[in-house]
$ cat entry06.cif   # mmCIF, C-alpha atoms
data_my_file
loop_
_atom_site.label_atom_id
_atom_site.label_comp_id
_atom_site.auth_asym_id
_atom_site.auth_seq_id
_atom_site.Cartn_x
_atom_site.Cartn_y
_atom_site.Cartn_z
CA MET A 560 89.61 81.78 102.30
CA LEU A 561 90.08 79.97 99.01
CA ASP A 562 89.66 81.75 95.68
CA ILE A 563 86.34 80.58 94.21
CA ARG A 564 87.80 80.97 90.73
CA ILE A 565 90.46 78.36 91.47
CA ILE A 566 87.79 75.95 92.71
CA ARG A 567 85.63 76.71 89.68
CA GLU A 568 88.46 76.26 87.18
CA ASN A 569 90.35 73.39 88.86
CA PRO A 570 87.89 71.45 91.02
CA ASP A 571 89.75 68.15 90.77
CA ALA A 572 93.05 69.76 91.79
CA VAL A 573 91.33 71.38 94.79
CA ARG A 574 89.80 68.05 95.80
CA GLU A 575 93.23 66.41 95.52
CA ARG A 576 94.90 69.03 97.72
CA LEU A 577 92.12 68.88 100.30
CA ALA A 578 92.40 65.09 100.34
CA ALA A 579 96.15 65.51 100.98
CA ARG A 580 95.18 67.25 104.22
CA GLY A 581 93.09 64.24 105.18
CA ILE A 582 89.85 66.03 104.39
CA SER A 583 87.27 64.23 102.27
CA ASP A 584 85.43 67.25 100.92
CA LYS A 585 84.23 66.00 97.55
CA ASP A 586 80.60 66.60 98.49
CA HIS A 587 81.40 70.07 99.80
CA VAL A 588 83.23 71.01 96.62
CA ALA A 589 80.35 69.71 94.51
CA GLU A 590 77.86 71.63 96.63
CA LEU A 591 80.02 74.73 96.44
CA LEU A 592 80.23 74.49 92.65
CA ALA A 593 76.47 73.97 92.38
CA LEU A 594 75.83 77.06 94.51
CA ASP A 595 78.35 79.05 92.51
CA GLU A 596 76.71 78.03 89.24
CA ARG A 597 73.27 78.88 90.64
CA ARG A 598 74.52 82.30 91.73
CA ARG A 599 75.99 83.05 88.31
CA SER A 600 72.79 81.90 86.59
CA LEU A 601 70.68 84.11 88.83
CA LEU A 602 72.91 87.11 88.17
CA VAL A 603 72.58 86.58 84.42
CA GLU A 604 68.79 86.50 84.80
CA VAL A 605 68.85 89.64 86.95
CA GLU A 606 70.91 91.52 84.36
CA SER A 607 68.57 90.38 81.60
CA LEU A 608 65.52 91.56 83.55
CA LYS A 609 67.16 94.91 84.29
CA ALA A 610 67.81 95.41 80.59
CA GLN A 611 64.20 94.46 79.89
CA ARG A 612 63.00 96.93 82.52
CA ASN A 613 65.14 99.70 81.04
CA ARG A 614 63.66 99.09 77.60
CA ALA A 615 60.16 99.12 79.04
CA SER A 616 60.86 102.40 80.83
CA LYS A 617 61.90 103.99 77.56
CA GLU A 618 58.80 102.64 75.89
CA ILE A 619 56.63 104.16 78.64
CA GLY A 620 58.11 107.57 77.90
CA ALA A 621 57.41 107.17 74.20
CA LEU A 622 53.82 106.03 74.82
CA LEU A 623 53.14 108.94 77.14
CA ALA A 624 54.55 111.33 74.54
CA GLN A 625 52.02 109.89 72.09
CA LYS A 626 49.28 110.21 74.75
CA MET A 627 48.75 106.44 74.68
CA THR A 628 47.87 106.40 78.37
CA ALA A 629 46.33 102.94 78.57
CA GLU A 630 49.31 101.33 76.85
CA ALA A 631 51.68 103.28 79.12
CA GLU A 632 49.88 102.08 82.24
CA ALA A 633 50.11 98.48 80.99
CA LYS A 634 53.85 98.93 80.50
CA LYS A 635 54.14 100.39 84.02
CA ALA A 636 52.46 97.30 85.42
CA GLU A 637 54.90 95.18 83.42
CA THR A 638 57.91 97.07 84.81
CA ARG A 639 56.56 96.71 88.35
CA ALA A 640 56.25 92.96 87.81
CA ILE A 641 59.81 92.90 86.47
CA GLY A 642 60.97 94.90 89.50
CA ASP A 643 59.27 92.46 91.85
CA ARG A 644 60.98 89.57 90.06
CA ILE A 645 64.37 91.31 90.30
CA ALA A 646 63.87 91.89 94.03
CA ALA A 647 62.98 88.22 94.53
CA LEU A 648 66.02 87.13 92.56
CA ASP A 649 68.26 89.51 94.55
CA ARG A 650 67.04 87.87 97.75
CA GLU A 651 67.77 84.45 96.28
CA VAL A 652 71.25 85.58 95.20
CA ALA A 653 71.94 86.80 98.74
CA GLN A 654 70.78 83.47 100.16
CA VAL A 655 72.89 81.48 97.71
CA GLU A 656 75.92 83.68 98.45
CA GLN A 657 75.40 83.12 102.17
CA GLU A 658 75.28 79.33 101.67
CA ARG A 659 78.35 79.46 99.42
CA GLU A 660 80.21 81.59 101.98
CA ALA A 661 79.30 79.17 104.78
CA ILE A 662 81.14 76.40 102.92
CA LEU A 663 84.09 78.54 101.81
CA ILE A 664 84.93 79.80 105.30
CA ARG A 665 85.19 76.23 106.59
CA LEU A 666 87.50 74.94 103.87
CA PRO A 667 91.17 75.01 104.96
CA ASN A 668 93.98 76.42 102.88
CA LEU A 669 95.46 74.27 100.12
CA PRO A 670 98.95 72.93 100.91
CA HIS A 671 101.83 74.17 98.78
CA ALA A 672 103.30 71.66 96.34
CA SER A 673 106.52 71.44 98.42
CA VAL A 674 104.67 70.21 101.52
CA PRO A 675 105.10 66.45 102.13
CA ILE A 676 101.90 64.43 102.05
CA GLY A 677 101.08 62.75 105.35
CA ARG A 678 98.34 62.09 107.86
CA SER A 679 99.86 63.11 111.20
CA SER A 680 102.95 64.45 112.98
CA ALA A 681 104.56 61.05 112.42
CA ASP A 682 104.86 62.02 108.74
CA ASN A 683 106.59 65.36 109.35
CA VAL A 684 110.10 65.78 107.96
CA VAL A 685 113.11 66.92 110.00
CA VAL A 686 114.83 69.46 107.76
CA ARG A 687 117.87 70.27 109.90
CA SER A 688 119.12 70.51 113.45
CA TRP A 689 121.51 72.83 115.26
CA GLY A 690 123.86 72.08 118.11
CA GLU A 691 123.92 68.89 120.14
CA GLN A 692 122.02 67.51 123.08
CA ARG A 693 123.93 68.47 126.20
CA LYS A 694 125.68 65.63 128.03
CA PHE A 695 125.64 65.96 131.82
CA ASP A 696 128.08 64.56 134.37
CA PHE A 697 125.26 64.72 136.92
CA THR A 698 121.59 63.82 136.87
CA PRO A 699 119.81 66.88 135.44
CA ALA A 700 116.80 68.21 137.32
CA GLY A 701 113.50 68.91 135.63
CA HIS A 702 112.22 72.45 135.23
CA VAL A 703 109.64 72.04 138.01
CA ASP A 704 112.31 71.14 140.57
CA LEU A 705 114.59 73.91 139.32
CA CYS A 706 111.80 76.49 139.53
CA GLU A 707 110.90 75.44 143.05
CA ARG A 708 114.48 75.30 144.35
CA LEU A 709 115.34 78.69 142.86
CA LYS A 710 111.88 80.18 143.55
CA LEU A 711 111.37 81.10 139.91
CA VAL A 712 107.73 80.01 139.59
CA ASP A 713 105.13 79.44 142.29
CA PHE A 714 102.96 76.79 140.65
CA ALA A 715 100.58 76.27 143.57
CA ARG A 716 99.79 79.95 144.06
CA GLY A 717 99.43 80.48 140.31
CA ALA A 718 96.77 77.77 140.31
CA LYS A 719 95.17 79.31 143.39
CA LEU A 720 94.87 82.64 141.61
CA SER A 721 93.47 81.46 138.28
CA GLY A 722 93.19 77.68 138.18
CA SER A 723 95.37 74.99 136.65
CA GLY A 724 97.41 75.98 133.63
CA PHE A 725 98.32 79.47 134.91
CA LEU A 726 101.75 80.48 136.22
CA LEU A 727 103.00 82.90 138.87
CA TYR A 728 106.56 83.91 138.03
CA THR A 729 108.50 85.20 141.03
CA GLY A 730 111.87 86.83 141.69
CA TRP A 731 114.50 85.76 139.21
CA GLY A 732 111.85 83.83 137.27
CA ALA A 733 109.86 87.00 136.56
CA ARG A 734 113.05 88.82 135.61
CA LEU A 735 114.19 85.99 133.33
CA GLU A 736 110.82 85.90 131.55
CA ARG A 737 110.97 89.65 131.00
CA ALA A 738 114.59 89.48 129.88
CA LEU A 739 113.80 86.81 127.28
CA ILE A 740 110.97 88.92 125.85
CA GLN A 741 113.12 92.06 125.66
CA PHE A 742 116.06 90.15 124.18
CA MET A 743 113.89 88.74 121.38
CA LEU A 744 112.23 92.06 120.61
CA ASP A 745 115.60 93.81 120.40
CA LEU A 746 117.05 91.07 118.17
CA HIS A 747 114.17 91.14 115.68
CA VAL A 748 114.02 94.93 115.54
CA GLU A 749 117.71 95.82 115.56
CA LYS A 750 119.12 92.94 113.51
CA HIS A 751 116.27 91.43 111.51
CA GLY A 752 114.55 94.65 110.50
CA TYR A 753 111.06 94.19 111.95
CA THR A 754 108.98 97.12 113.18
CA GLU A 755 107.81 96.68 116.76
CA VAL A 756 104.12 97.16 117.52
CA SER A 757 102.25 96.72 120.78
CA PRO A 758 98.71 95.53 120.00
CA PRO A 759 95.57 95.34 122.16
CA PHE A 760 95.25 92.06 124.02
CA ILE A 761 91.51 91.91 123.32
CA VAL A 762 90.38 91.58 119.70
CA SER A 763 87.16 91.56 117.72
CA ARG A 764 85.47 88.60 116.02
CA ASP A 765 86.54 90.08 112.68
CA CYS A 766 90.20 89.78 113.66
CA MET A 767 89.72 86.17 114.75
CA PHE A 768 87.92 85.41 111.49
CA GLY A 769 90.57 87.18 109.43
CA VAL A 770 93.41 84.94 110.57
CA GLY A 771 91.31 81.77 110.39
CA GLN A 772 90.82 81.24 114.13
CA PHE A 773 87.06 81.48 113.60
CA PRO A 774 84.79 79.71 112.99
CA LYS A 775 86.89 76.52 113.32
CA PHE A 776 88.39 77.25 116.76
CA GLU A 777 85.67 79.40 118.30
CA ASP A 778 85.03 76.80 121.01
CA GLN A 779 88.66 77.09 122.15
CA ALA A 780 88.77 80.87 122.68
CA TYR A 781 88.27 82.97 125.79
CA ALA A 782 85.28 85.24 125.11
CA VAL A 783 85.00 88.56 126.94
CA GLN A 784 81.87 90.06 128.52
CA GLU A 785 81.66 93.74 129.42
CA GLY A 786 80.62 93.90 133.05
CA LEU A 787 77.17 92.44 133.57
CA ASP A 788 75.99 93.06 130.00
CA SER A 789 75.57 89.51 128.66
CA SER A 790 74.73 90.87 125.19
CA THR A 791 78.39 91.82 124.75
CA LEU A 792 79.65 88.27 125.29
CA GLY A 793 81.29 86.98 122.11
CA LYS A 794 81.99 90.34 120.52
CA LEU A 795 85.53 90.52 121.89
CA TYR A 796 88.07 87.81 122.75
CA LEU A 797 91.36 87.46 124.60
CA LEU A 798 93.91 86.96 121.86
CA PRO A 799 95.23 83.41 121.35
CA THR A 800 98.33 84.89 119.69
CA ALA A 801 99.49 88.35 118.62
CA GLU A 802 98.92 87.15 115.06
CA ALA A 803 95.21 87.91 115.53
CA PRO A 804 95.57 91.70 115.95
CA VAL A 805 98.87 92.28 114.13
CA ALA A 806 98.03 90.44 110.91
CA ASN A 807 94.78 92.44 110.83
CA ILE A 808 96.43 95.86 111.16
CA HIS A 809 95.84 96.55 107.45
CA ARG A 810 92.56 94.66 107.06
CA GLU A 811 90.18 96.21 104.50
CA GLU A 812 93.00 98.41 103.15
CA ILE A 813 94.58 98.68 99.71
CA LEU A 814 98.30 99.15 100.28
CA LYS A 815 100.73 100.73 97.87
CA ASP A 816 103.09 98.34 96.14
CA ALA A 817 106.04 100.25 97.59
CA ALA A 818 104.80 99.55 101.14
CA LEU A 819 105.66 95.86 100.80
CA PRO A 820 107.21 93.94 102.39
CA ILE A 821 105.80 94.82 105.81
CA ARG A 822 107.46 93.14 108.80
CA TYR A 823 106.03 93.49 112.30
CA VAL A 824 107.14 92.05 115.63
CA ALA A 825 105.00 92.14 118.75
CA TYR A 826 104.99 90.82 122.29
CA SER A 827 101.77 89.62 123.88
CA PRO A 828 100.47 87.20 126.43
CA CYS A 829 98.47 84.44 124.72
CA PHE A 830 95.31 82.86 126.06
CA ARG A 831 94.21 79.43 124.86
CA ALA A 832 91.39 77.53 126.49
CA GLU A 833 92.43 74.28 124.83
CA ALA A 834 96.17 74.57 125.43
CA GLY A 835 96.08 72.56 128.62
CA ALA A 836 92.88 70.65 128.12
CA ALA A 837 94.59 67.29 128.57
CA GLY A 838 96.65 66.65 131.65
CA VAL A 839 97.38 70.14 132.91
CA ASP A 840 98.46 70.11 136.53
CA THR A 841 99.38 72.90 138.91
CA ARG A 842 103.14 72.46 138.58
CA GLY A 843 104.14 72.03 134.92
CA MET A 844 105.01 74.60 132.28
CA ILE A 845 104.72 72.48 129.13
CA ARG A 846 100.99 73.02 128.58
CA VAL A 847 99.43 76.17 130.00
CA HIS A 848 96.43 78.35 129.29
CA GLN A 849 98.37 81.64 129.39
CA PHE A 850 101.88 82.12 128.05
CA ASP A 851 104.05 84.88 126.62
CA LYS A 852 105.14 85.05 123.00
CA VAL A 853 107.02 87.29 120.62
CA GLU A 854 105.26 87.08 117.26
CA LEU A 855 106.58 87.81 113.77
CA ILE A 856 104.21 88.94 110.98
CA LYS A 857 104.94 89.65 107.33
CA VAL A 858 102.82 91.00 104.49
CA VAL A 859 104.59 90.45 101.19
CA ALA A 860 104.05 90.23 97.43
CA PRO A 861 103.02 86.68 96.38
CA GLU A 862 106.22 86.04 94.43
CA ARG A 863 108.22 86.66 97.62
CA GLY A 864 106.07 84.60 99.98
CA TYR A 865 108.07 81.40 100.26
CA ASP A 866 111.49 83.11 100.31
CA GLU A 867 110.22 85.29 103.14
CA LEU A 868 109.07 82.17 104.98
CA GLU A 869 112.61 80.76 104.90
CA SER A 870 114.06 84.01 106.25
CA MET A 871 111.42 84.12 109.00
CA VAL A 872 112.40 80.64 110.13
CA ALA A 873 116.06 81.73 110.17
CA ASP A 874 115.15 84.75 112.31
CA ALA A 875 113.44 82.52 114.88
CA GLU A 876 116.32 80.03 114.79
CA GLU A 877 118.81 82.72 115.69
CA VAL A 878 117.06 83.23 119.02
CA LEU A 879 117.84 79.63 119.99
CA GLN A 880 121.34 79.73 118.56
CA LEU A 881 122.25 82.80 120.63
CA LEU A 882 120.85 81.10 123.72
CA GLY A 883 122.94 77.99 123.07
CA LEU A 884 119.94 75.65 122.78
CA HIS A 885 119.88 72.51 120.65
CA TYR A 886 116.88 72.41 118.30
CA ARG A 887 115.54 70.94 115.09
CA VAL A 888 113.47 72.39 112.24
CA VAL A 889 110.54 70.28 111.09
CA LEU A 890 108.54 70.68 107.88
CA LEU A 891 104.93 69.78 108.66
CA CYS A 892 103.11 67.35 106.42
CA THR A 893 99.76 68.09 104.81
CA GLY A 894 97.80 66.39 107.58
CA ASP A 895 99.47 68.27 110.44
CA MET A 896 99.30 71.87 109.22
CA GLY A 897 97.12 74.58 110.70
CA PHE A 898 93.83 75.57 109.10
CA ALA A 899 95.10 78.75 107.39
CA SER A 900 98.59 77.56 106.43
CA ALA A 901 99.89 76.66 102.99
CA LYS A 902 103.31 75.67 104.37
CA THR A 903 104.59 75.45 107.94
CA TYR A 904 107.91 74.85 109.67
CA ASP A 905 108.00 74.04 113.39
CA ILE A 906 111.10 74.71 115.46
CA GLU A 907 111.46 72.29 118.35
CA VAL A 908 113.94 72.91 121.16
CA TRP A 909 115.49 70.09 123.20
CA ALA A 910 114.58 69.91 126.89
CA PRO A 911 117.14 67.57 128.51
CA ALA A 912 115.23 66.54 131.63
CA GLN A 913 112.04 66.03 129.62
CA ARG A 914 113.97 63.92 127.10
CA GLN A 915 111.90 65.42 124.33
CA TYR A 916 111.72 68.23 121.81
CA LEU A 917 109.29 71.06 122.60
CA GLU A 918 107.74 73.23 119.91
CA VAL A 919 108.68 76.87 120.53
CA SER A 920 108.01 78.29 117.08
CA SER A 921 105.66 77.62 114.20
CA CYS A 922 106.31 79.67 111.05
CA SER A 923 103.73 79.62 108.27
CA ASN A 924 103.05 81.16 104.90
CA CYS A 925 99.27 81.45 104.57
CA ALA A 926 99.57 82.61 100.95
CA ASP A 927 96.55 84.83 100.13
CA PHE A 928 94.17 82.81 102.33
CA GLN A 929 94.07 85.26 105.25
CA ALA A 930 94.26 88.33 103.01
CA ARG A 931 91.03 87.27 101.31
CA ARG A 932 89.30 86.79 104.67
CA MET A 933 90.34 90.25 105.86
CA ASN A 934 90.02 91.91 102.41
CA LEU A 935 93.63 93.10 102.49
CA ARG A 936 94.98 94.06 99.07
CA TYR A 937 97.82 95.97 97.48
CA LYS A 938 97.96 97.89 94.21
CA THR A 939 100.62 96.75 91.77
CA GLN A 940 102.59 99.17 89.61
CA SER A 941 100.26 98.29 86.74
CA GLY A 942 97.28 99.38 88.83
CA GLU A 943 95.93 95.91 89.57
CA ASN A 944 94.59 95.18 93.07
CA ARG A 945 96.01 91.87 94.34
CA PHE A 946 95.90 89.90 97.56
CA PRO A 947 99.33 89.68 99.27
CA HIS A 948 100.77 86.72 101.11
CA THR A 949 100.64 86.90 104.90
CA LEU A 950 103.13 85.05 107.09
CA ASN A 951 103.24 84.49 110.82
CA GLY A 952 105.77 82.91 113.13
CA SER A 953 106.73 82.64 116.78
CA GLY A 954 109.97 84.38 117.43
CA THR A 955 109.71 82.58 119.88
CA ALA A 956 107.13 81.36 122.42
CA LEU A 957 107.50 80.93 126.15
CA ALA A 958 107.09 79.10 128.59
CA ARG A 959 108.66 76.16 126.74
CA LEU A 960 111.70 78.27 125.87
CA PHE A 961 111.97 79.02 129.58
CA VAL A 962 111.87 75.26 130.31
CA ALA A 963 114.56 74.41 127.76
CA LEU A 964 116.85 77.20 128.94
CA LEU A 965 116.65 76.14 132.59
CA GLU A 966 117.14 72.45 131.90
CA THR A 967 119.96 72.99 129.38
CA HIS A 968 121.98 75.52 131.34
CA GLN A 969 121.60 74.11 134.84
CA GLN A 970 124.80 73.52 136.78
CA SER A 971 125.76 70.71 139.15
CA ASP A 972 125.31 73.01 142.17
CA GLY A 973 121.70 73.71 141.18
CA SER A 974 122.33 77.17 139.72
CA ILE A 975 121.49 78.32 136.18
CA ALA A 976 124.19 79.74 133.92
CA ILE A 977 122.77 82.67 131.96
CA PRO A 978 123.69 82.78 128.24
CA VAL A 979 125.89 85.75 127.41
CA PRO A 980 123.28 87.59 125.25
CA LEU A 981 120.87 87.62 128.21
CA GLN A 982 123.34 88.79 130.82
CA PRO A 983 122.98 92.53 130.08
CA TYR A 984 119.22 92.23 130.69
CA LEU A 985 119.61 90.33 133.98
CA LYS A 986 122.84 92.01 135.05
CA SER A 987 124.09 88.64 136.25
CA PRO A 988 125.83 85.63 134.68
CA ILE A 989 124.10 83.13 136.95
CA ILE A 990 120.93 82.48 138.92
CA ARG A 991 121.40 80.97 142.37
CA ALA A 992 119.09 80.09 145.21
#
$ encode --input "entry06.cif" --output "structure tokens"
Amino acid sequence: MLDIRIIRENPDAVRERLAARGISDKDHVAELLALDERRRSLLVEVESLKAQRNRASKEIGALLAQKMTAEAEAKKAETRAIGDRIAALDREVAQVEQEREAILIRLPNLPHASVPIGRSSADNVVVRSWGEQRKFDFTPAGHVDLCERLKLVDFARGAKLSGSGFLLYTGWGARLERALIQFMLDLHVEKHGYTEVSPPFIVSRDCMFGVGQFPKFEDQAYAVQEGLDSSTLGKLYLLPTAEAPVANIHREEILKDAALPIRYVAYSPCFRAEAGAAGVDTRGMIRVHQFDKVELIKVVAPERGYDELESMVADAEEVLQLLGLHYRVVLLCTGDMGFASAKTYDIEVWAPAQRQYLEVSSCSNCADFQARRMNLRYKTQSGENRFPHTLNGSGTALARLFVALLETHQQSDGSIAIPVPLQPYLKSPIIRA
């Protein structure tokens, strides 16, 4: 959520940054400022009336002491009228605050000054790449063929169980998926210094609101109902990413300055109703409704936010480097960033048979946007309560990593060579039929 003081003090700058995201919100900003001014005016009037009521109360006491009963009763009637007016104004303040809040929660974060201005993914900037696209001396098979030949994924039965966009990993496929998750968790904990947490896979509306999933993406979430009680529908949701619970761990808390930076890593399945909305079939792994992901979360002091973003990206990159996968890092333009992000890097891995890059990580600094929504603060050494920066990143996501690994490391005989860092988890250097 944006700081109303920034909008109040720099409305033109806010309009300019919103416009950079492709959002024409001039009317919303004007309406927001009008509501804010009305709220402040009402509060001034309320304080004035309270002071007037206090004076009248003192006068009543003095009149009663002088046995001026009639005058005292008149003053009591006056204070009651003032009280009624204060109550009416309080209701109006609450209504104005509700209208102001309704606008604020729908305004996206303002892009950082270092983010390139653009309208779509075509305007994103490739920052760097690592490795090279593998050259084959045979025609490489696609991941679907590889999975079927090696019996790694049963696409048809996965669809039979849950519908299109859901996968049934089998045999070596299930083991490889589990090995990738464990490998990434171990790397981020043992080398990168994150603390592992294992969150619930069902979260409250407050958690979804806190990270900016709601209200914008409410129509894309899987809502949960408890048994046959329809009144519970919409109170809890399957998580779309571990960011939802993990970033909210300290919601509504005031942390000590010494507690920062906080770095968490978590595995979870992710459920996204929209993920495969266009063109999902029963056999592909590129767009699915349920996938696994290892998520990185940081809570840091504002002055460290953007340095911590760079190190988070490097942590995610190391996963791909150790697996010997060619990738590129892309800085998203203003028009392609997520709702809560102030700056985002995507990491896209090369899938040879697909002849395209697949996003496997998105690392964002949300500045204090999420912290305001979840009322997460920390106390500085001077005693000031401030909102920290929150960061999130995939470290990394499957099943696209699974796709890239199979297609990159396939051999001419149809087997898959397992990268050395994964071999201890699979206890084999190769997967064969």
$ resolve_selection --input "entry06.cif" --expression "the PyMOL selection byres ((chain A and resi 956) around 6)" --output "number ranges by chain"
A: 852, 919, 953, 955, 957
$ write_last_selection --input "entry06.cif" --atoms "C-alpha atoms" --output "compact mmCIF listing (two decimals), in the frame of the given file"
# COMPACT_ATOMS: atom_id res chain seq x y z
CA LYS A 852 105.14 85.05 123.00
CA VAL A 919 108.68 76.87 120.53
CA SER A 953 106.73 82.64 116.78
CA THR A 955 109.71 82.58 119.88
CA LEU A 957 107.50 80.93 126.15
$ atom_distance --input "entry06.cif" --atom1 "CA of Thr967 in chain A" --atom2 "CA of Gly843 in chain A"
16.8 Å
$ resolve_selection --input "entry06.cif" --expression "the PyMOL selection byres ((chain A and resi 974-976) around 10)" --output "list in words"
Leu705, Arg708, Leu709, Leu964, Leu965, Glu966, Thr967, His968, Gln969, Gln970, Ser971, Asp972, Gly973, Ile977, Pro978, Val979, Gln982, Ser987, Pro988, Ile989, Ile990, Arg991 and Ala992 of chain A
$ write_last_selection --input "entry06.cif" --atoms "C-alpha atoms" --output "PDB file, keeping the file's coordinate frame"
ATOM      1  CA  LEU A 705     114.590  73.910 139.320  1.00  0.00           C
ATOM      2  CA  ARG A 708     114.480  75.300 144.350  1.00  0.00           C
ATOM      3  CA  LEU A 709     115.340  78.690 142.860  1.00  0.00           C
ATOM      4  CA  LEU A 964     116.850  77.200 128.940  1.00  0.00           C
ATOM      5  CA  LEU A 965     116.650  76.140 132.590  1.00  0.00           C
ATOM      6  CA  GLU A 966     117.140  72.450 131.900  1.00  0.00           C
ATOM      7  CA  THR A 967     119.960  72.990 129.380  1.00  0.00           C
ATOM      8  CA  HIS A 968     121.980  75.520 131.340  1.00  0.00           C
ATOM      9  CA  GLN A 969     121.600  74.110 134.840  1.00  0.00           C
ATOM     10  CA  GLN A 970     124.800  73.520 136.780  1.00  0.00           C
ATOM     11  CA  SER A 971     125.760  70.710 139.150  1.00  0.00           C
ATOM     12  CA  ASP A 972     125.310  73.010 142.170  1.00  0.00           C
ATOM     13  CA  GLY A 973     121.700  73.710 141.180  1.00  0.00           C
ATOM     14  CA  ILE A 977     122.770  82.670 131.960  1.00  0.00           C
ATOM     15  CA  PRO A 978     123.690  82.780 128.240  1.00  0.00           C
ATOM     16  CA  VAL A 979     125.890  85.750 127.410  1.00  0.00           C
ATOM     17  CA  GLN A 982     123.340  88.790 130.820  1.00  0.00           C
ATOM     18  CA  SER A 987     124.090  88.640 136.250  1.00  0.00           C
ATOM     19  CA  PRO A 988     125.830  85.630 134.680  1.00  0.00           C
ATOM     20  CA  ILE A 989     124.100  83.130 136.950  1.00  0.00           C
ATOM     21  CA  ILE A 990     120.930  82.480 138.920  1.00  0.00           C
ATOM     22  CA  ARG A 991     121.400  80.970 142.370  1.00  0.00           C
ATOM     23  CA  ALA A 992     119.090  80.090 145.210  1.00  0.00           C
TER      24      ALA A 992
END
$ resolve_selection --input "entry06.cif" --expression "the PyMOL selection byres ((chain A and resi 732) around 8)" --output "number ranges by chain"
A: 706, 710-712, 728-731, 733-736
$ write_last_selection --input "entry06.cif" --atoms "C-alpha atoms" --output "mmCIF file, in the frame of the given file"
data_model
loop_
_atom_site.group_PDB
_atom_site.id
_atom_site.type_symbol
_atom_site.label_atom_id
_atom_site.label_comp_id
_atom_site.auth_asym_id
_atom_site.auth_seq_id
_atom_site.Cartn_x
_atom_site.Cartn_y
_atom_site.Cartn_z
ATOM 1 C CA CYS A 706 111.800 76.490 139.530
ATOM 2 C CA LYS A 710 111.880 80.180 143.550
ATOM 3 C CA LEU A 711 111.370 81.100 139.910
ATOM 4 C CA VAL A 712 107.730 80.010 139.590
ATOM 5 C CA TYR A 728 106.560 83.910 138.030
ATOM 6 C CA THR A 729 108.500 85.200 141.030
ATOM 7 C CA GLY A 730 111.870 86.830 141.690
ATOM 8 C CA TRP A 731 114.500 85.760 139.210
ATOM 9 C CA ALA A 733 109.860 87.000 136.560
ATOM 10 C CA ARG A 734 113.050 88.820 135.610
ATOM 11 C CA LEU A 735 114.190 85.990 133.330
ATOM 12 C CA GLU A 736 110.820 85.900 131.550
#
$ closest_residue --input "entry06.cif" --among "A:Leu739, A:Leu797, A:Val655, A:Ile641" --to "Asn613 in chain A" --atoms "only C-alpha atoms"
A:Ile641
$ atom_distance --input "entry06.cif" --atom1 "CA of Val762 in chain A" --atom2 "CA of Ala803 in chain A"
7.4 Å
$ residues_around --input "entry06.cif" --residues "range 883-892 of chain A" --least-positions-apart "6" --cutoff "7 Å" --atoms "only C-alpha atoms" --output "ChimeraX atom specification"
/A:674-677,682-692,903-909
